[in-house]
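Asker: My file is upload-v4.cif. It has mmCIF, C-alpha atoms and all ligand atoms:
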```cif
data_structure
#
loop_
_atom_site.group_PDB
_atom_site.id
_atom_site.type_symbol
_atom_site.label_atom_id
_atom_site.label_comp_id
_atom_site.auth_asym_id
_atom_site.auth_seq_id
_atom_site.Cartn_x
_atom_site.Cartn_y
_atom_site.Cartn_z
ATOM 1 C CA MET A 1 19.848 3.320 0.642
ATOM 2 C CA ARG A 2 17.963 6.092 -1.097
ATOM 3 C CA LEU A 3 14.169 6.103 -1.403
ATOM 4 C CA TRP A 4 12.507 8.389 -3.917
ATOM 5 C CA GLY A 5 8.893 9.280 -3.204
ATOM 6 C CA ARG A 6 6.454 11.587 -1.472
ATOM 7 C CA LYS A 7 5.011 10.379 1.818
ATOM 8 C CA SER A 8 1.406 10.777 0.625
ATOM 9 C CA SER A 9 1.760 7.976 -1.944
ATOM 10 C CA ILE A 10 0.241 4.649 -0.913
ATOM 11 C CA ASN A 11 3.054 2.820 -2.669
ATOM 12 C CA VAL A 12 5.732 4.853 -0.904
ATOM 13 C CA GLN A 13 3.919 4.245 2.396
ATOM 14 C CA LYS A 14 4.243 0.493 1.827
ATOM 15 C CA VAL A 15 8.026 0.862 1.669
ATOM 16 C CA LEU A 16 8.210 3.261 4.641
ATOM 17 C CA TRP A 17 6.167 0.850 6.750
ATOM 18 C CA CYS A 18 8.404 -2.086 5.818
ATOM 19 C CA LEU A 19 11.560 -0.075 6.582
ATOM 20 C CA ALA A 20 10.083 0.860 9.968
ATOM 21 C CA GLU A 21 9.365 -2.808 10.756
ATOM 22 C CA LEU A 22 12.985 -3.595 9.954
ATOM 23 C CA GLY A 23 14.119 -0.899 12.366
ATOM 24 C CA LEU A 24 15.614 1.249 9.587
ATOM 25 C CA LYS A 25 15.354 4.978 10.178
ATOM 26 C CA GLU A 26 15.076 7.875 7.749
ATOM 27 C CA SER A 27 18.215 10.088 7.680
ATOM 28 C CA LYS A 28 20.222 7.444 9.566
ATOM 29 C CA ASP A 29 19.772 4.221 7.585
ATOM 30 C CA PHE A 30 18.235 5.618 4.424
ATOM 31 C CA GLU A 31 17.743 8.928 2.698
ATOM 32 C CA ARG A 32 14.315 9.878 1.326
ATOM 33 C CA ILE A 33 13.810 12.369 -1.475
ATOM 34 C CA ASP A 34 10.361 13.859 -2.011
ATOM 35 C CA ALA A 35 9.285 13.168 -5.598
ATOM 36 C CA GLY A 36 5.983 12.889 -7.452
ATOM 37 C CA LEU A 37 2.901 15.123 -7.797
ATOM 38 C CA HIS A 38 3.708 18.715 -6.724
ATOM 39 C CA PHE A 39 7.280 17.778 -5.769
ATOM 40 C CA GLY A 40 7.988 16.844 -9.409
ATOM 41 C CA LEU A 41 11.446 15.290 -10.070
ATOM 42 C CA ASN A 42 9.971 12.026 -11.336
ATOM 43 C CA ARG A 43 9.927 13.070 -15.010
ATOM 44 C CA THR A 44 13.507 14.380 -15.108
ATOM 45 C CA PRO A 45 15.960 12.514 -17.370
ATOM 46 C CA GLU A 46 18.004 11.585 -14.283
ATOM 47 C CA PHE A 47 15.001 10.009 -12.568
ATOM 48 C CA LEU A 48 13.804 8.250 -15.733
ATOM 49 C CA LYS A 49 17.180 6.528 -15.903
ATOM 50 C CA LEU A 50 16.423 5.026 -12.502
ATOM 51 C CA ASN A 51 12.772 4.282 -13.213
ATOM 52 C CA PRO A 52 11.593 4.572 -16.817
ATOM 53 C CA ASN A 53 7.981 4.565 -15.585
ATOM 54 C CA GLY A 54 8.523 7.923 -13.911
ATOM 55 C CA LEU A 55 6.759 6.667 -10.783
ATOM 56 C CA VAL A 56 7.435 6.466 -7.062
ATOM 57 C CA PRO A 57 8.590 4.610 -5.046
ATOM 58 C CA THR A 58 12.028 3.957 -6.475
ATOM 59 C CA LEU A 59 14.737 2.507 -4.267
ATOM 60 C CA GLU A 60 18.497 2.619 -4.738
ATOM 61 C CA ASP A 61 20.601 0.303 -2.612
ATOM 62 C CA GLY A 62 24.223 0.221 -3.687
ATOM 63 C CA ASP A 63 24.272 -1.042 -7.276
ATOM 64 C CA ILE A 64 20.654 -2.181 -7.160
ATOM 65 C CA THR A 65 17.830 0.068 -8.333
ATOM 66 C CA LEU A 66 14.282 -1.153 -7.842
ATOM 67 C CA TRP A 67 10.772 -0.004 -8.631
ATOM 68 C CA GLU A 68 7.376 -1.645 -8.072
ATOM 69 C CA SER A 69 6.509 -1.250 -4.421
ATOM 70 C CA ASN A 70 5.663 -4.911 -3.774
ATOM 71 C CA THR A 71 8.991 -5.991 -5.274
ATOM 72 C CA ILE A 72 10.741 -3.487 -3.010
ATOM 73 C CA LEU A 73 9.032 -5.106 -0.002
ATOM 74 C CA ARG A 74 10.215 -8.544 -1.117
ATOM 75 C CA TYR A 75 13.740 -7.210 -1.544
ATOM 76 C CA LEU A 76 13.839 -5.496 1.847
ATOM 77 C CA ALA A 77 12.549 -8.622 3.606
ATOM 78 C CA ARG A 78 15.158 -10.773 1.869
ATOM 79 C CA GLN A 79 18.101 -8.411 2.161
ATOM 80 C CA HIS A 80 17.596 -6.303 5.279
ATOM 81 C CA ASP A 81 15.669 -8.432 7.788
ATOM 82 C CA GLN A 82 18.431 -8.971 10.355
ATOM 83 C CA LYS A 83 16.092 -9.784 13.247
ATOM 84 C CA ASN A 84 13.686 -12.219 11.591
ATOM 85 C CA ARG A 85 10.772 -9.753 11.664
ATOM 86 C CA PHE A 86 9.153 -11.651 8.796
ATOM 87 C CA PRO A 87 8.948 -15.450 8.921
ATOM 88 C CA THR A 88 10.872 -17.228 6.153
ATOM 89 C CA ASP A 89 9.303 -20.678 6.202
ATOM 90 C CA ILE A 90 7.883 -21.612 2.841
ATOM 91 C CA ALA A 91 4.214 -21.606 3.904
ATOM 92 C CA SER A 92 4.381 -18.116 5.426
ATOM 93 C CA GLN A 93 6.453 -16.752 2.599
ATOM 94 C CA TYR A 94 4.229 -17.941 -0.219
ATOM 95 C CA GLY A 95 1.073 -17.270 1.778
ATOM 96 C CA SER A 96 2.275 -13.687 1.825
ATOM 97 C CA GLU A 97 3.299 -13.675 -1.872
ATOM 98 C CA LYS A 98 -0.192 -14.739 -2.853
ATOM 99 C CA TRP A 99 -1.749 -11.724 -1.139
ATOM 100 C CA LEU A 100 0.869 -9.347 -2.561
ATOM 101 C CA ASP A 101 -0.131 -10.414 -6.058
ATOM 102 C CA TRP A 102 -3.832 -10.333 -5.178
ATOM 103 C CA GLN A 103 -3.521 -6.774 -3.886
ATOM 104 C CA LEU A 104 -1.818 -5.623 -7.084
ATOM 105 C CA GLY A 105 -3.711 -7.700 -9.638
ATOM 106 C CA THR A 106 -7.197 -7.959 -8.156
ATOM 107 C CA MET A 107 -7.977 -5.650 -5.248
ATOM 108 C CA TRP A 108 -6.257 -2.426 -6.282
ATOM 109 C CA PRO A 109 -7.601 -2.481 -9.887
ATOM 110 C CA SER A 110 -11.056 -2.450 -8.304
ATOM 111 C CA LEU A 111 -10.378 0.076 -5.531
ATOM 112 C CA ARG A 112 -8.367 2.463 -7.700
ATOM 113 C CA THR A 113 -11.534 3.556 -9.560
ATOM 114 C CA PRO A 114 -13.185 5.070 -6.466
ATOM 115 C CA PHE A 115 -9.827 6.144 -5.036
ATOM 116 C CA LEU A 116 -8.582 8.040 -8.085
ATOM 117 C CA GLY A 117 -12.128 9.072 -8.994
ATOM 118 C CA LEU A 118 -12.828 10.736 -5.660
ATOM 119 C CA THR A 119 -9.388 12.019 -4.688
ATOM 120 C CA ARG A 120 -7.568 12.873 -7.917
ATOM 121 C CA THR A 121 -10.289 13.614 -10.509
ATOM 122 C CA PRO A 122 -11.992 17.005 -10.844
ATOM 123 C CA GLU A 123 -15.664 16.771 -9.869
ATOM 124 C CA ALA A 124 -16.971 17.566 -13.354
ATOM 125 C CA GLU A 125 -15.071 14.592 -14.808
ATOM 126 C CA ARG A 126 -16.115 11.965 -12.259
ATOM 127 C CA ASN A 127 -18.072 8.877 -13.341
ATOM 128 C CA TYR A 128 -20.126 8.248 -10.206
ATOM 129 C CA THR A 129 -21.755 5.090 -11.575
ATOM 130 C CA ALA A 130 -18.368 3.474 -12.176
ATOM 131 C CA ILE A 131 -17.109 4.712 -8.802
ATOM 132 C CA GLN A 132 -19.983 3.159 -6.881
ATOM 133 C CA LYS A 133 -19.885 -0.117 -8.816
ATOM 134 C CA ALA A 134 -16.138 -0.535 -8.232
ATOM 135 C CA TYR A 135 -16.545 0.282 -4.517
ATOM 136 C CA GLN A 136 -19.234 -2.371 -4.184
ATOM 137 C CA ASP A 137 -17.065 -4.866 -6.104
ATOM 138 C CA THR A 138 -14.261 -4.127 -3.627
ATOM 139 C CA ASN A 139 -16.634 -4.926 -0.745
ATOM 140 C CA LYS A 140 -17.116 -8.396 -2.248
ATOM 141 C CA LEU A 141 -13.412 -8.932 -2.861
ATOM 142 C CA LEU A 142 -12.549 -7.969 0.704
ATOM 143 C CA SER A 143 -14.941 -10.576 2.065
ATOM 144 C CA LEU A 144 -12.419 -13.144 0.751
ATOM 145 C CA LEU A 145 -9.695 -11.694 2.941
ATOM 146 C CA ASP A 146 -12.156 -11.497 5.824
ATOM 147 C CA GLN A 147 -12.805 -15.251 5.515
ATOM 148 C CA THR A 148 -9.074 -15.971 5.666
ATOM 149 C CA LEU A 149 -8.692 -13.778 8.729
ATOM 150 C CA ALA A 150 -11.406 -15.751 10.522
ATOM 151 C CA ASN A 151 -8.881 -18.560 10.951
ATOM 152 C CA GLN A 152 -5.535 -16.820 11.324
ATOM 153 C CA LYS A 153 -4.170 -13.572 12.726
ATOM 154 C CA TYR A 154 -2.458 -12.276 9.586
ATOM 155 C CA CYS A 155 -2.781 -12.826 5.857
ATOM 156 C CA SER A 156 -0.222 -15.626 5.695
ATOM 157 C CA GLY A 157 -0.560 -17.212 9.131
ATOM 158 C CA ASP A 158 -0.207 -16.200 12.741
ATOM 159 C CA ARG A 159 2.716 -13.838 12.174
ATOM 160 C CA PHE A 160 2.738 -10.466 10.451
ATOM 161 C CA HIS A 161 4.271 -10.576 6.973
ATOM 162 C CA ILE A 162 4.979 -8.157 4.117
ATOM 163 C CA GLY A 163 1.724 -9.279 2.443
ATOM 164 C CA ASP A 164 -0.240 -7.551 5.218
ATOM 165 C CA ILE A 165 1.294 -4.172 4.359
ATOM 166 C CA PRO A 166 -0.280 -3.390 0.951
ATOM 167 C CA LEU A 167 -3.572 -4.948 2.039
ATOM 168 C CA ALA A 168 -3.859 -2.764 5.142
ATOM 169 C CA LEU A 169 -2.943 0.448 3.325
ATOM 170 C CA CYS A 170 -5.543 -0.229 0.614
ATOM 171 C CA ILE A 171 -8.150 -1.102 3.220
ATOM 172 C CA GLY A 172 -7.366 2.138 5.056
ATOM 173 C CA ARG A 173 -8.282 4.007 1.838
ATOM 174 C CA TRP A 174 -11.406 1.859 1.407
ATOM 175 C CA ILE A 175 -12.561 2.949 4.912
ATOM 176 C CA LEU A 176 -11.664 6.636 4.428
ATOM 177 C CA LEU A 177 -13.418 6.781 1.048
ATOM 178 C CA HIS A 178 -16.656 5.620 2.623
ATOM 179 C CA GLN A 179 -16.252 7.989 5.568
ATOM 180 C CA SER A 180 -15.687 10.968 3.281
ATOM 181 C CA PHE A 181 -18.103 10.144 0.440
ATOM 182 C CA PRO A 182 -20.727 7.694 1.797
ATOM 183 C CA GLU A 183 -23.338 8.663 -0.747
ATOM 184 C CA LYS A 184 -20.910 8.134 -3.636
ATOM 185 C CA THR A 185 -19.447 4.788 -2.551
ATOM 186 C CA GLY A 186 -22.687 3.238 -1.270
ATOM 187 C CA PRO A 187 -22.549 1.040 1.849
ATOM 188 C CA ARG A 188 -19.268 -0.341 3.188
ATOM 189 C CA ALA A 189 -19.337 -4.079 3.963
ATOM 190 C CA GLU A 190 -19.099 -4.978 7.649
ATOM 191 C CA LEU A 191 -16.121 -7.297 7.875
ATOM 192 C CA LYS A 192 -15.400 -8.037 11.495
ATOM 193 C CA ASN A 193 -12.272 -10.143 10.963
ATOM 194 C CA ILE A 194 -10.709 -7.331 8.958
ATOM 195 C CA ASP A 195 -11.618 -4.889 11.757
ATOM 196 C CA ALA A 196 -9.919 -7.134 14.334
ATOM 197 C CA TRP A 197 -6.841 -7.521 12.093
ATOM 198 C CA LEU A 198 -6.552 -3.712 11.721
ATOM 199 C CA LYS A 199 -6.658 -3.365 15.531
ATOM 200 C CA ARG A 200 -3.943 -5.999 15.790
ATOM 201 C CA LEU A 201 -1.829 -4.128 13.240
ATOM 202 C CA GLU A 202 -2.233 -0.961 15.300
ATOM 203 C CA THR A 203 -0.909 -2.595 18.458
ATOM 204 C CA GLU A 204 1.607 -5.087 17.079
ATOM 205 C CA THR A 205 3.167 -3.190 14.153
ATOM 206 C CA GLN A 206 4.127 0.314 12.989
ATOM 207 C CA TYR A 207 0.811 0.682 11.096
ATOM 208 C CA SER A 208 -0.468 3.697 13.095
ATOM 209 C CA GLU A 209 2.732 5.606 12.336
ATOM 210 C CA ILE A 210 2.205 5.261 8.602
ATOM 211 C CA ALA A 211 -1.554 5.019 8.009
ATOM 212 C CA GLU A 212 -3.348 8.088 6.678
ATOM 213 C CA LYS A 213 -5.833 9.584 9.132
ATOM 214 C CA GLU A 214 -7.746 11.386 6.421
ATOM 215 C CA LEU A 215 -7.997 11.205 2.659
ATOM 216 C CA ASN A 216 -5.380 13.119 0.741
ATOM 217 C CA ILE A 217 -7.612 14.849 -1.806
ATOM 218 C CA ILE A 218 -6.020 16.733 -4.690
ATOM 219 C CA LYS A 219 -8.508 18.800 -6.647
HETATM 220 N N1 LIG A 301 2.755 -0.447 -9.462
HETATM 221 C C1 LIG A 301 3.556 0.667 -9.004
HETATM 222 C C2 LIG A 301 2.702 1.911 -9.061
HETATM 223 C C3 LIG A 301 3.487 3.159 -8.713
HETATM 224 C C4 LIG A 301 2.598 4.390 -8.796
HETATM 225 O O1 LIG A 301 1.529 4.387 -9.444
HETATM 226 N N2 LIG A 301 3.026 5.454 -8.107
HETATM 227 C C5 LIG A 301 2.287 6.676 -8.096
HETATM 228 C C6 LIG A 301 2.092 7.168 -6.657
HETATM 229 S S1 LIG A 301 1.139 6.022 -5.678
HETATM 230 C C7 LIG A 301 3.060 7.763 -8.821
HETATM 231 O O2 LIG A 301 4.270 7.747 -8.870
HETATM 232 N N3 LIG A 301 2.326 8.730 -9.389
HETATM 233 C C8 LIG A 301 2.916 9.856 -10.039
HETATM 234 C C9 LIG A 301 3.193 10.985 -9.083
HETATM 235 O O3 LIG A 301 3.076 10.835 -7.846
HETATM 236 O O4 LIG A 301 3.568 12.049 -9.586
HETATM 237 C C10 LIG A 301 4.058 0.375 -7.588
HETATM 238 O O5 LIG A 301 3.409 -0.408 -6.895
HETATM 239 O O6 LIG A 301 5.091 0.907 -7.168
#
```
Can I see the file as structure tokens?
Answerer:
Amino acid sequence: MRLWGRKSSINVQKVLWCLAELGLKESKDFERIDAGLHFGLNRTPEFLKLNPNGLVPTLEDGDITLWESNTILRYLARQHDQKNRFPTDIASQYGSEKWLDWQLGTMWPSLRTPFLGLTRTPEAERNYTAIQKAYQDTNKLLSLLDQTLANQKYCSGDRFHIGDIPLALCIGRWILLHQSFPEKTGPRAELKNIDAWLKRLETETQYSEIAEKELNIIK
């Protein structure tokens, strides 16, 4: 397998975390090539043949080439989960699917405004009103996940699943954004079930190995 993508990308981190859960190791079980941002490579004709979007992550596995990080997680769980790390019963599987789509279609569109605004946009071009509004909207959205986690340990039941991966990485950014720019984001909602779930991820999964400890700010 060959994974294209820089380690600082949230979407590449999703894939690296999943590979780690499956016990697959860089250099031994898969090769990783730094691509994106200052590493470049992702706009070359060769790369665009693999992924016409010119984005990372992109995964090659034999004849199969995949992009879209959440799809890559689904593929890895289906194709490379030899030790039943992720439950395959229908309720767990589709419980997880639901949150994968929610992360991509609902939560990230809200959180990406403060994330890109505060970490990738030059100060003079930032729209602080939009940044704060979107951060506060994300607070409300995350209370939905918090309610689910009041009754179960993980997003799709009592076992960790691929759906937890994108959620936790986004929530890590949501926490770091508030820590780094509290006056720009406004208050961060106190969501105790999410806090407990993050602690669980730290002790029961590879989360701490992958999670960013500080915001990766590119000016
Ligand atoms: N929906 C895509 C989004 C991929 C994406 O936006 N990737 C970003 C990094 S997180 C990228 O490649 N940006 C261009 C770059 O890094 O040069 C996915 O989930 O994989």
Asker: With all atoms listed in the file as the basis for distance, which of A:Asn151, A:Asn216, A:Thr129, A:Gln136 is at the shortest distance from ligand LIG 301 (chain A)?
Answerer: A:Asn216
Asker: Extract, using only C-alpha atoms, all DNA, RNA and protein residues at most 10 Å from Leu3 of chain A, discarding same-chain residues fewer than 6 positions from it, and format them as number ranges by chain.
Answerer: A: 12, 15-16, 26, 30-35, 56-61, 65-66
Asker: Smallest atom-to-atom distance to Leu100 of chain A: which of A:Asp146, A:Glu123, A:Glu183, A:Asp164, using all atoms listed in the file?
Answerer: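 Residue with the minimum atom-to-atom distance to Leu100 of chain A: A:Asp164.
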Asker: Could you list, as a PyMOL selection string, every residue matched by the PyMOL selection byres (((not hetatm)) within 9 of (chain A and resi 301)) in this structure?
Answerer: chain A and resi 5-6+8-14+35-43+53-58+67-72+104
Asker: Can you turn the PyMOL selection byres (((chain A and resi 158) around 12) and not hetatm) into a concrete residue list for this file, as a list of chain:residue names?
Answerer: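 Applied to this file, the PyMOL selection byres (((chain A and resi 158) around 12) and not hetatm) selects A:Phe86, A:Pro87, A:Ala91, A:Ser92, A:Gly95, A:Ser96, A:Thr148, A:Leu149, A:Ala150, A:Asn151, A:Gln152, A:Lys153, A:Tyr154, A:Cys155, A:Ser156, A:Gly157, A:Arg159, A:Phe160, A:His161, A:Asp164, A:Trp197, A:Arg200.
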Asker: Quick one: residues within 10 Å of Trp102 of chain A, only C-alpha atoms counted, chain neighbours fewer than 5 positions away excluded, as an NGL selection string?
Answerer: :A and (96-97 or 107-109 or 141 or 163 or 166-167)
Asker: Compute the distance from (-11.2, -0.1, 2.6) to each atom, counting all atoms listed in the file, keep the residues with any atom at most 9 Å away, and return them as a ChimeraX atom specification; use the coordinates of the file.
Answerer: /A:111,135,138-139,142,168-178,188
Asker: Can you measure atom CA of Asp29 of chain A to atom CA of His80 of chain A for me? One decimal in Å is fine.
Answerer: 11.0 Å
Asker: Check the smallest atom-to-atom distance from each of A:Met1, A:Arg120, A:Arg85, A:Lys25 to Thr205 of chain A using all atoms listed in the file, then report the winner.
Answerer: A:Arg85
Asker: Go ahead and compute the interatomic distance for atom CA of Leu116 of chain A and atom CA of Glu209 of chain A, in Å to one decimal.
Answerer: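 Between atom CA of Leu116 of chain A and atom CA of Glu209 of chain A the gap is 23.5 Å.
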Asker: For a quick check of understanding, using all atoms listed in the file, which of A:Asn193, A:Ser110, A:Thr121, A:Gln103 has the smallest distance to Ile162 of chain A?
Answerer: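 Going through A:Asn193, A:Ser110, A:Thr121, A:Gln103 one by one, the smallest distance to Ile162 of chain A is for A:Gln103.
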Asker: Interatomic distance between atom CA of Glu204 of chain A and atom CA of Gln79 of chain A?
Answerer: 22.5 Å
Asker: Edge lengths and centre, in Å to one decimal, as JSON: that's what I need for the box along x, y and z that holds all listed atoms of segment 88-98 of chain A plus 6 Å on each side.
Answerer:
```
{"center_x": 5.3, "center_y": -17.6, "center_z": 1.7, "size_x": 23.1, "size_y": 19.9, "size_z": 21.1}
```
Asker: Reconstruct segment 173-205 of chain A at the level of N, CA and C atoms, and format the result as a PDB file, in the coordinates of the input.
Answerer:
```
ATOM      1  N   ARG A 173      -7.655   3.112   2.835  1.00  0.00           N
ATOM      2  CA  ARG A 173      -8.282   4.007   1.838  1.00  0.00           C
ATOM      3  C   ARG A 173      -9.748   3.635   1.632  1.00  0.00           C
ATOM      4  N   TRP A 174     -10.025   2.341   1.599  1.00  0.00           N
ATOM      5  CA  TRP A 174     -11.406   1.859   1.407  1.00  0.00           C
ATOM      6  C   TRP A 174     -12.298   2.413   2.541  1.00  0.00           C
ATOM      7  N   ILE A 175     -11.791   2.427   3.773  1.00  0.00           N
ATOM      8  CA  ILE A 175     -12.561   2.949   4.912  1.00  0.00           C
ATOM      9  C   ILE A 175     -12.718   4.472   4.788  1.00  0.00           C
ATOM     10  N   LEU A 176     -11.620   5.165   4.509  1.00  0.00           N
ATOM     11  CA  LEU A 176     -11.664   6.636   4.428  1.00  0.00           C
ATOM     12  C   LEU A 176     -12.561   7.110   3.283  1.00  0.00           C
ATOM     13  N   LEU A 177     -12.563   6.376   2.175  1.00  0.00           N
ATOM     14  CA  LEU A 177     -13.418   6.781   1.048  1.00  0.00           C
ATOM     15  C   LEU A 177     -14.885   6.759   1.469  1.00  0.00           C
ATOM     16  N   HIS A 178     -15.263   5.712   2.177  1.00  0.00           N
ATOM     17  CA  HIS A 178     -16.656   5.620   2.623  1.00  0.00           C
ATOM     18  C   HIS A 178     -16.982   6.686   3.656  1.00  0.00           C
ATOM     19  N   GLN A 179     -16.016   6.937   4.554  1.00  0.00           N
ATOM     20  CA  GLN A 179     -16.252   7.989   5.568  1.00  0.00           C
ATOM     21  C   GLN A 179     -16.437   9.358   4.915  1.00  0.00           C
ATOM     22  N   SER A 180     -15.666   9.633   3.893  1.00  0.00           N
ATOM     23  CA  SER A 180     -15.687  10.968   3.281  1.00  0.00           C
ATOM     24  C   SER A 180     -16.784  11.126   2.229  1.00  0.00           C
ATOM     25  N   PHE A 181     -17.127  10.042   1.541  1.00  0.00           N
ATOM     26  CA  PHE A 181     -18.103  10.144   0.440  1.00  0.00           C
ATOM     27  C   PHE A 181     -19.143   9.025   0.522  1.00  0.00           C
ATOM     28  N   PRO A 182     -19.847   8.870   1.661  1.00  0.00           N
ATOM     29  CA  PRO A 182     -20.727   7.694   1.797  1.00  0.00           C
ATOM     30  C   PRO A 182     -21.781   7.587   0.708  1.00  0.00           C
ATOM     31  N   GLU A 183     -22.266   8.730   0.266  1.00  0.00           N
ATOM     32  CA  GLU A 183     -23.338   8.663  -0.747  1.00  0.00           C
ATOM     33  C   GLU A 183     -22.794   8.317  -2.133  1.00  0.00           C
ATOM     34  N   LYS A 184     -21.507   8.474  -2.330  1.00  0.00           N
ATOM     35  CA  LYS A 184     -20.910   8.134  -3.636  1.00  0.00           C
ATOM     36  C   LYS A 184     -20.427   6.686  -3.689  1.00  0.00           C
ATOM     37  N   THR A 185     -19.953   6.172  -2.553  1.00  0.00           N
ATOM     38  CA  THR A 185     -19.447   4.788  -2.551  1.00  0.00           C
ATOM     39  C   THR A 185     -20.572   3.785  -2.380  1.00  0.00           C
ATOM     40  N   GLY A 186     -21.693   4.205  -1.731  1.00  0.00           N
ATOM     41  CA  GLY A 186     -22.687   3.238  -1.270  1.00  0.00           C
ATOM     42  C   GLY A 186     -22.172   2.592  -0.005  1.00  0.00           C
ATOM     43  N   PRO A 187     -22.942   1.601   0.547  1.00  0.00           N
ATOM     44  CA  PRO A 187     -22.549   1.040   1.849  1.00  0.00           C
ATOM     45  C   PRO A 187     -21.170   0.380   1.833  1.00  0.00           C
ATOM     46  N   ARG A 188     -20.526   0.399   3.016  1.00  0.00           N
ATOM     47  CA  ARG A 188     -19.268  -0.341   3.188  1.00  0.00           C
ATOM     48  C   ARG A 188     -19.593  -1.657   3.885  1.00  0.00           C
ATOM     49  N   ALA A 189     -19.061  -2.760   3.371  1.00  0.00           N
ATOM     50  CA  ALA A 189     -19.337  -4.079   3.963  1.00  0.00           C
ATOM     51  C   ALA A 189     -18.820  -4.114   5.402  1.00  0.00           C
ATOM     52  N   GLU A 190     -19.580  -4.785   6.275  1.00  0.00           N
ATOM     53  CA  GLU A 190     -19.099  -4.978   7.649  1.00  0.00           C
ATOM     54  C   GLU A 190     -18.293  -6.260   7.699  1.00  0.00           C
ATOM     55  N   LEU A 191     -17.019  -6.133   7.917  1.00  0.00           N
ATOM     56  CA  LEU A 191     -16.121  -7.297   7.875  1.00  0.00           C
ATOM     57  C   LEU A 191     -15.360  -7.355   9.193  1.00  0.00           C
ATOM     58  N   LYS A 192     -15.911  -8.133  10.113  1.00  0.00           N
ATOM     59  CA  LYS A 192     -15.400  -8.037  11.495  1.00  0.00           C
ATOM     60  C   LYS A 192     -13.997  -8.620  11.667  1.00  0.00           C
ATOM     61  N   ASN A 193     -13.635  -9.591  10.826  1.00  0.00           N
ATOM     62  CA  ASN A 193     -12.272 -10.143  10.963  1.00  0.00           C
ATOM     63  C   ASN A 193     -11.228  -9.146  10.456  1.00  0.00           C
ATOM     64  N   ILE A 194     -11.610  -8.391   9.433  1.00  0.00           N
ATOM     65  CA  ILE A 194     -10.709  -7.331   8.958  1.00  0.00           C
ATOM     66  C   ILE A 194     -10.585  -6.253  10.026  1.00  0.00           C
ATOM     67  N   ASP A 195     -11.689  -5.896  10.679  1.00  0.00           N
ATOM     68  CA  ASP A 195     -11.618  -4.889  11.757  1.00  0.00           C
ATOM     69  C   ASP A 195     -10.659  -5.341  12.867  1.00  0.00           C
ATOM     70  N   ALA A 196     -10.781  -6.619  13.249  1.00  0.00           N
ATOM     71  CA  ALA A 196      -9.919  -7.134  14.334  1.00  0.00           C
ATOM     72  C   ALA A 196      -8.452  -7.143  13.899  1.00  0.00           C
ATOM     73  N   TRP A 197      -8.221  -7.499  12.637  1.00  0.00           N
ATOM     74  CA  TRP A 197      -6.841  -7.521  12.093  1.00  0.00           C
ATOM     75  C   TRP A 197      -6.247  -6.109  12.087  1.00  0.00           C
ATOM     76  N   LEU A 198      -7.057  -5.094  11.712  1.00  0.00           N
ATOM     77  CA  LEU A 198      -6.552  -3.712  11.721  1.00  0.00           C
ATOM     78  C   LEU A 198      -6.170  -3.292  13.139  1.00  0.00           C
ATOM     79  N   LYS A 199      -6.981  -3.683  14.117  1.00  0.00           N
ATOM     80  CA  LYS A 199      -6.658  -3.365  15.531  1.00  0.00           C
ATOM     81  C   LYS A 199      -5.334  -4.020  15.927  1.00  0.00           C
ATOM     82  N   ARG A 200      -5.183  -5.262  15.500  1.00  0.00           N
ATOM     83  CA  ARG A 200      -3.943  -5.999  15.790  1.00  0.00           C
ATOM     84  C   ARG A 200      -2.739  -5.288  15.155  1.00  0.00           C
ATOM     85  N   LEU A 201      -2.923  -4.838  13.921  1.00  0.00           N
ATOM     86  CA  LEU A 201      -1.829  -4.128  13.240  1.00  0.00           C
ATOM     87  C   LEU A 201      -1.462  -2.855  13.994  1.00  0.00           C
ATOM     88  N   GLU A 202      -2.496  -2.202  14.548  1.00  0.00           N
ATOM     89  CA  GLU A 202      -2.233  -0.961  15.300  1.00  0.00           C
ATOM     90  C   GLU A 202      -1.385  -1.233  16.534  1.00  0.00           C
ATOM     91  N   THR A 203      -1.639  -2.357  17.208  1.00  0.00           N
ATOM     92  CA  THR A 203      -0.909  -2.595  18.458  1.00  0.00           C
ATOM     93  C   THR A 203       0.388  -3.382  18.254  1.00  0.00           C
ATOM     94  N   GLU A 204       0.447  -4.194  17.211  1.00  0.00           N
ATOM     95  CA  GLU A 204       1.607  -5.087  17.079  1.00  0.00           C
ATOM     96  C   GLU A 204       2.606  -4.670  15.999  1.00  0.00           C
ATOM     97  N   THR A 205       2.261  -3.619  15.238  1.00  0.00           N
ATOM     98  CA  THR A 205       3.167  -3.190  14.153  1.00  0.00           C
ATOM     99  C   THR A 205       3.239  -1.650  14.125  1.00  0.00           C
TER     100      THR A 205
END
```
